[in-house]
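Have a look at the structure below before the remarks.
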Amino acid sequence: MNIRVTWRIAAFPLALAGLAVIPAMGCEKVAELQSDVCCSDFTPGADLATVKWGLDGEAELNYGAFMQSVSDFTGAAGAVVGDVSSACQAIALDLGADVATITATKPSERATQWCELAVDMLGDAAAGLSFSVQPPSCTVDASVQASCEAKCTANVECQLTPAEIITRCDPLQLSGRCEGACTGSCEGSANLAVNCAGTCEGTCEGTCAGDCAVTTDSGECRGACEGTCTGQCRGSCSFEGSADVQCNADCSGTCDVTFKAPKCKVELGDPPRAECKAEGECGGSCKASARAKASCKEPAVNIEGGAEAEAAIATLKANLPRLLVVAQARGELLLSSAEGVAQAAGNIEATGSVKAGACLIPATNAIRQAVENIEASLGGSAKVIAKLQIGPAGP
């Protein structure tokens, strides 16, 4: 894991330290603070929209948005560490490791140990492999951000429409269904072949005007194409020059008709109506939730090697995409979400409510565990990617 990521992770416990003293204003005993009697509402990954925290006015809105962002962030971190652990475990076991080798029970420790074992089991087989990898991509959940903002403003009329997504998104970060001509790239995946007449980052299925890594007996390309791919691409296809292509998946770039089901790869900008703008900590918590609940596509991966590496190639094709998503896309979003949560934590007001004060105890503990899970996820996936010598291994 690179130094910048390590420093960002190390800063979170310091930013969250202030939360630990706030709950003293709640229940009278620490044991009570940690019991279900005092806080039974907070759970990582839960929808807390209907929870009443016992605060007044703006303090209730800010606290509610903060706790939802903590829930979203910690739930996402738990899911990611499980994903990395299972991917590394599958690689190790497919290459002959004994399942009894790893005895750790803590999720972060299991992920670290399974990824280290996967690296060991890859051994010399990784040296003779060549890779063609589609860059992974994630899309921030705009509906989560907008729904949260509406709660921050307590304005039920502040609802997100497709047109507003387009208005509030940086045009360079916009994508969606294009029923006309797409200019830019057509975003497929390992499991979705898209129309292509350009550069395919993934597997080209058709004609390759250039060098193709794998060809059929009839001369058609079925692998990485160093040139123009015409036909289908299992990955993303970037169109060259004035190519006029109908994209049968999400188009990133411009569309000559209005996007349907538009998405934004980053958090949305300010809403067009001032009364719908979520201010301060509440707005920051909404963006943190949206980043935590981003959806990511597993990238297409082409792997070439000799017959002696068949087992390694098979397991990497099945499991490497999950590690690439974490190391090169989702991990960065989770770090940004964590930073948003930590920033909001410094200004949270829980005075006057037993429940609000008490629930900061499990929330703070969950954040600390989530930071460990992120560190293990980024570190473990980066070790496997570095072993395979595939480009930058992390954000």
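Chain lettering (A, B, ...) mirrors the order of the structure tokens, residue numbering begins at 1 for each chain separately, and ligand numbering begins at 1 in order of display.
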**Request:** Could you give me the residues within stretch 181-356 of chain A that DSSP places in helix (DSSP H, G or I), as a ChimeraX atom specification?
**Result:** /A:274-276,280-292,307-345,354-356
**Prompt:** Contacts of stretch 217-234 of chain A at 7 Å or less, counting only C-alpha atoms, minus same-chain residues fewer than 6 places along, as a PyMOL selection string?
**Reply:** chain A and resi 132+188-200+202-211+300+302
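Of the listed residues A:Val384, A:Ile91, A:Ala125, A:Ile374, the one whose atoms come nearest to A:Arg330 is A:Ile374, with distances taken using only C-alpha atoms.
With distances restricted to only C-alpha atoms, A:Leu122 is the closest residue to A:Gly96 from A:Ile348, A:Leu122, A:Cys359, A:Cys138.
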**Item:** Selected residue, from A:Ser381, A:Leu160, A:Ala309, A:Pro262, that lies nearest to A:Asp83 when counting only C-alpha atoms
**Value:** A:Ser381
**Message:** List as a list in words the protein and nucleic acid residues near A:Thr258, meaning an atom at most 10 Å away when only C-alpha atoms are counted, but skip any in the same chain fewer than 6 places from it.
**Reply:** Pro162, Ala163, Ile166, Gly176, Arg177, Cys178, Glu179 and Gly180 of chain A
Write to file, as an mmCIF file, in the first residue's frame, the residues of the selection just made, with all heavy atoms.
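Written file, part-v4.cif:
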data_model
loop_
_atom_site.group_PDB
_atom_site.id
_atom_site.type_symbol
_atom_site.label_atom_id
_atom_site.label_comp_id
_atom_site.auth_asym_id
_atom_site.auth_seq_id
_atom_site.Cartn_x
_atom_site.Cartn_y
_atom_site.Cartn_z
ATOM 1 N N PRO A 162 -33.985 12.681 -13.051
ATOM 2 C CA PRO A 162 -32.904 12.408 -14.008
ATOM 3 C C PRO A 162 -32.297 13.680 -14.593
ATOM 4 O O PRO A 162 -31.080 13.775 -14.757
ATOM 5 C CB PRO A 162 -33.597 11.565 -15.077
ATOM 6 C CG PRO A 162 -34.692 10.868 -14.341
ATOM 7 C CD PRO A 162 -35.187 11.876 -13.340
ATOM 8 N N ALA A 163 -33.149 14.668 -14.876
ATOM 9 C CA ALA A 163 -32.638 15.920 -15.431
ATOM 10 C C ALA A 163 -31.722 16.628 -14.442
ATOM 11 O O ALA A 163 -30.717 17.243 -14.825
ATOM 12 C CB ALA A 163 -33.805 16.835 -15.813
ATOM 13 N N ILE A 166 -28.207 15.142 -14.382
ATOM 14 C CA ILE A 166 -27.404 15.654 -15.494
ATOM 15 C C ILE A 166 -26.906 17.060 -15.186
ATOM 16 O O ILE A 166 -25.746 17.406 -15.429
ATOM 17 C CB ILE A 166 -28.228 15.628 -16.800
ATOM 18 C CG1 ILE A 166 -28.536 14.181 -17.195
ATOM 19 C CG2 ILE A 166 -27.496 16.341 -17.931
ATOM 20 C CD1 ILE A 166 -29.490 14.041 -18.367
ATOM 21 N N GLY A 176 -24.678 6.993 -18.769
ATOM 22 C CA GLY A 176 -26.064 6.546 -18.773
ATOM 23 C C GLY A 176 -26.399 5.822 -20.060
ATOM 24 O O GLY A 176 -25.555 5.662 -20.947
ATOM 25 N N ARG A 177 -27.631 5.381 -20.167
ATOM 26 C CA ARG A 177 -28.089 4.703 -21.370
ATOM 27 C C ARG A 177 -28.259 5.718 -22.490
ATOM 28 O O ARG A 177 -28.924 6.736 -22.325
ATOM 29 C CB ARG A 177 -29.414 3.993 -21.103
ATOM 30 C CG ARG A 177 -29.271 2.778 -20.211
ATOM 31 C CD ARG A 177 -28.744 1.593 -20.978
ATOM 32 N NE ARG A 177 -28.463 0.469 -20.099
ATOM 33 C CZ ARG A 177 -28.144 -0.743 -20.527
ATOM 34 N NH1 ARG A 177 -28.064 -0.986 -21.816
ATOM 35 N NH2 ARG A 177 -27.890 -1.723 -19.680
ATOM 36 N N CYS A 178 -27.637 5.442 -23.627
ATOM 37 C CA CYS A 178 -27.704 6.332 -24.779
ATOM 38 C C CYS A 178 -28.382 5.601 -25.926
ATOM 39 O O CYS A 178 -27.827 4.638 -26.472
ATOM 40 C CB CYS A 178 -26.298 6.783 -25.186
ATOM 41 S SG CYS A 178 -26.257 7.828 -26.657
ATOM 42 N N GLU A 179 -29.567 6.049 -26.283
ATOM 43 C CA GLU A 179 -30.305 5.403 -27.370
ATOM 44 C C GLU A 179 -30.002 6.042 -28.716
ATOM 45 O O GLU A 179 -30.632 5.738 -29.720
ATOM 46 C CB GLU A 179 -31.805 5.438 -27.073
ATOM 47 C CG GLU A 179 -32.168 4.603 -25.851
ATOM 48 C CD GLU A 179 -33.658 4.529 -25.602
ATOM 49 O OE1 GLU A 179 -34.419 5.252 -26.290
ATOM 50 O OE2 GLU A 179 -34.069 3.742 -24.724
ATOM 51 N N GLY A 180 -29.034 6.954 -28.722
ATOM 52 C CA GLY A 180 -28.560 7.549 -29.955
ATOM 53 C C GLY A 180 -27.099 7.200 -30.161
ATOM 54 O O GLY A 180 -26.659 6.084 -29.870
#
**Request:** May I ask which of the residues A:Gly54, A:Val341, A:Leu316, A:Ala49 is the closest one to A:Phe131, counting only C-alpha atoms?
**Result:** A:Leu316
**Message:** What parts of stretch 121-183 of chain A does DSSP call strand (DSSP E)? I'd like the answer as JSON, numbers by chain.
**Reply:** {"A": [130, 131, 132, 133, 137, 138, 139, 174, 175, 176, 177, 182, 183]}
Dump all heavy atoms for the selected residues as a CSV table (one decimal), in the first residue's frame?
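Writing the result to out_33.csv gives the following:
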chain,number,residue,atom,x,y,z
A,130,SER,N,1.1,-12.5,-18.8
A,130,SER,CA,0.9,-11.2,-19.3
A,130,SER,C,-0.6,-10.8,-19.1
A,130,SER,O,-1.5,-11.6,-19.3
A,130,SER,CB,1.3,-11.0,-20.8
A,130,SER,OG,0.5,-11.9,-21.6
A,131,PHE,N,-0.9,-9.5,-18.8
A,131,PHE,CA,-2.2,-9.1,-18.5
A,131,PHE,C,-2.6,-7.9,-19.4
A,131,PHE,O,-1.9,-7.0,-19.7
A,131,PHE,CB,-2.3,-8.6,-17.0
A,131,PHE,CG,-2.0,-9.7,-16.0
A,131,PHE,CD1,-0.7,-10.0,-15.7
A,131,PHE,CD2,-3.0,-10.4,-15.5
A,131,PHE,CE1,-0.4,-11.0,-14.8
A,131,PHE,CE2,-2.7,-11.4,-14.6
A,131,PHE,CZ,-1.4,-11.7,-14.2
A,132,SER,N,-3.9,-7.9,-19.7
A,132,SER,CA,-4.6,-6.8,-20.3
A,132,SER,C,-5.8,-6.5,-19.4
A,132,SER,O,-6.7,-7.4,-19.4
A,132,SER,CB,-5.0,-7.1,-21.8
A,132,SER,OG,-5.8,-6.0,-22.3
A,133,VAL,N,-5.8,-5.3,-18.8
A,133,VAL,CA,-6.9,-5.1,-17.8
A,133,VAL,C,-7.7,-3.8,-18.1
A,133,VAL,O,-7.1,-2.8,-18.4
A,133,VAL,CB,-6.2,-4.9,-16.4
A,133,VAL,CG1,-7.2,-4.6,-15.3
A,133,VAL,CG2,-5.4,-6.2,-16.0
A,137,SER,N,-14.2,0.9,-12.6
A,137,SER,CA,-14.9,2.1,-12.4
A,137,SER,C,-16.1,2.0,-11.4
A,137,SER,O,-16.6,0.9,-11.3
A,137,SER,CB,-15.4,2.7,-13.7
A,137,SER,OG,-16.4,1.9,-14.3
A,138,CYS,N,-16.4,3.0,-10.7
A,138,CYS,CA,-17.5,3.1,-9.8
A,138,CYS,C,-18.3,4.3,-10.0
A,138,CYS,O,-17.9,5.3,-10.5
A,138,CYS,CB,-16.9,3.1,-8.3
A,138,CYS,SG,-15.9,1.7,-7.8
A,139,THR,N,-19.6,4.1,-9.7
A,139,THR,CA,-20.5,5.2,-9.8
A,139,THR,C,-21.1,5.5,-8.4
A,139,THR,O,-21.7,4.7,-7.8
A,139,THR,CB,-21.7,4.9,-10.8
A,139,THR,OG1,-21.1,4.6,-12.1
A,139,THR,CG2,-22.7,6.0,-10.9
A,174,LEU,N,-20.3,12.0,-16.3
A,174,LEU,CA,-21.6,11.6,-16.5
A,174,LEU,C,-21.7,10.3,-17.4
A,174,LEU,O,-20.9,10.2,-18.3
A,174,LEU,CB,-22.4,12.7,-17.2
A,174,LEU,CG,-23.9,12.5,-17.3
A,174,LEU,CD1,-24.6,12.5,-16.0
A,174,LEU,CD2,-24.5,13.7,-18.2
A,175,SER,N,-22.6,9.4,-17.1
A,175,SER,CA,-22.8,8.3,-17.9
A,175,SER,C,-24.3,7.9,-17.9
A,175,SER,O,-25.0,8.4,-17.0
A,175,SER,CB,-21.9,7.1,-17.5
A,175,SER,OG,-22.3,6.6,-16.2
A,176,GLY,N,-24.7,7.0,-18.8
A,176,GLY,CA,-26.1,6.5,-18.8
A,176,GLY,C,-26.4,5.8,-20.1
A,176,GLY,O,-25.6,5.7,-20.9
A,177,ARG,N,-27.6,5.4,-20.2
A,177,ARG,CA,-28.1,4.7,-21.4
A,177,ARG,C,-28.3,5.7,-22.5
A,177,ARG,O,-28.9,6.7,-22.3
A,177,ARG,CB,-29.4,4.0,-21.1
A,177,ARG,CG,-29.3,2.8,-20.2
A,177,ARG,CD,-28.7,1.6,-21.0
A,177,ARG,NE,-28.5,0.5,-20.1
A,177,ARG,CZ,-28.1,-0.7,-20.5
A,177,ARG,NH1,-28.1,-1.0,-21.8
A,177,ARG,NH2,-27.9,-1.7,-19.7
A,182,CYS,N,-23.2,7.5,-29.2
A,182,CYS,CA,-22.4,7.7,-28.0
A,182,CYS,C,-21.0,8.2,-28.5
A,182,CYS,O,-20.4,7.6,-29.4
A,182,CYS,CB,-22.2,6.5,-27.2
A,182,CYS,SG,-21.0,6.6,-25.8
A,183,THR,N,-20.5,9.3,-28.0
A,183,THR,CA,-19.1,9.7,-28.3
A,183,THR,C,-18.4,9.7,-27.0
A,183,THR,O,-18.7,10.3,-26.0
A,183,THR,CB,-19.1,11.2,-28.8
A,183,THR,OG1,-20.0,11.3,-29.9
A,183,THR,CG2,-17.7,11.6,-29.1
**Item:** Nearest to A:Thr254 by atom-to-atom distance, counting only C-alpha atoms, from A:Ala150, A:Cys186, A:Ala104, A:Leu129
**Value:**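 That would be A:Cys186, the residue with the smallest distance to A:Thr254.
With only C-alpha atoms as the atoms that count, the residue of A:Gly305, A:Leu333, A:Ala76, A:Gly283 with the shortest distance to A:Ala213 is A:Gly305.
By chain and then residue number, the residues within 10 Å of A:Thr112 are Val81, Val84, Ser85, Cys88, Ala104, Pro107, Ser108, Glu109, Arg110, Trp114, Cys115, Glu116, Leu117, Ala118, Asn373, Glu375, Ala376, Ser377, Leu378, Gly379, Gly380, Ser381 and Lys383 of chain A, counting only C-alpha atoms and disregarding those fewer than 2 positions away in sequence.
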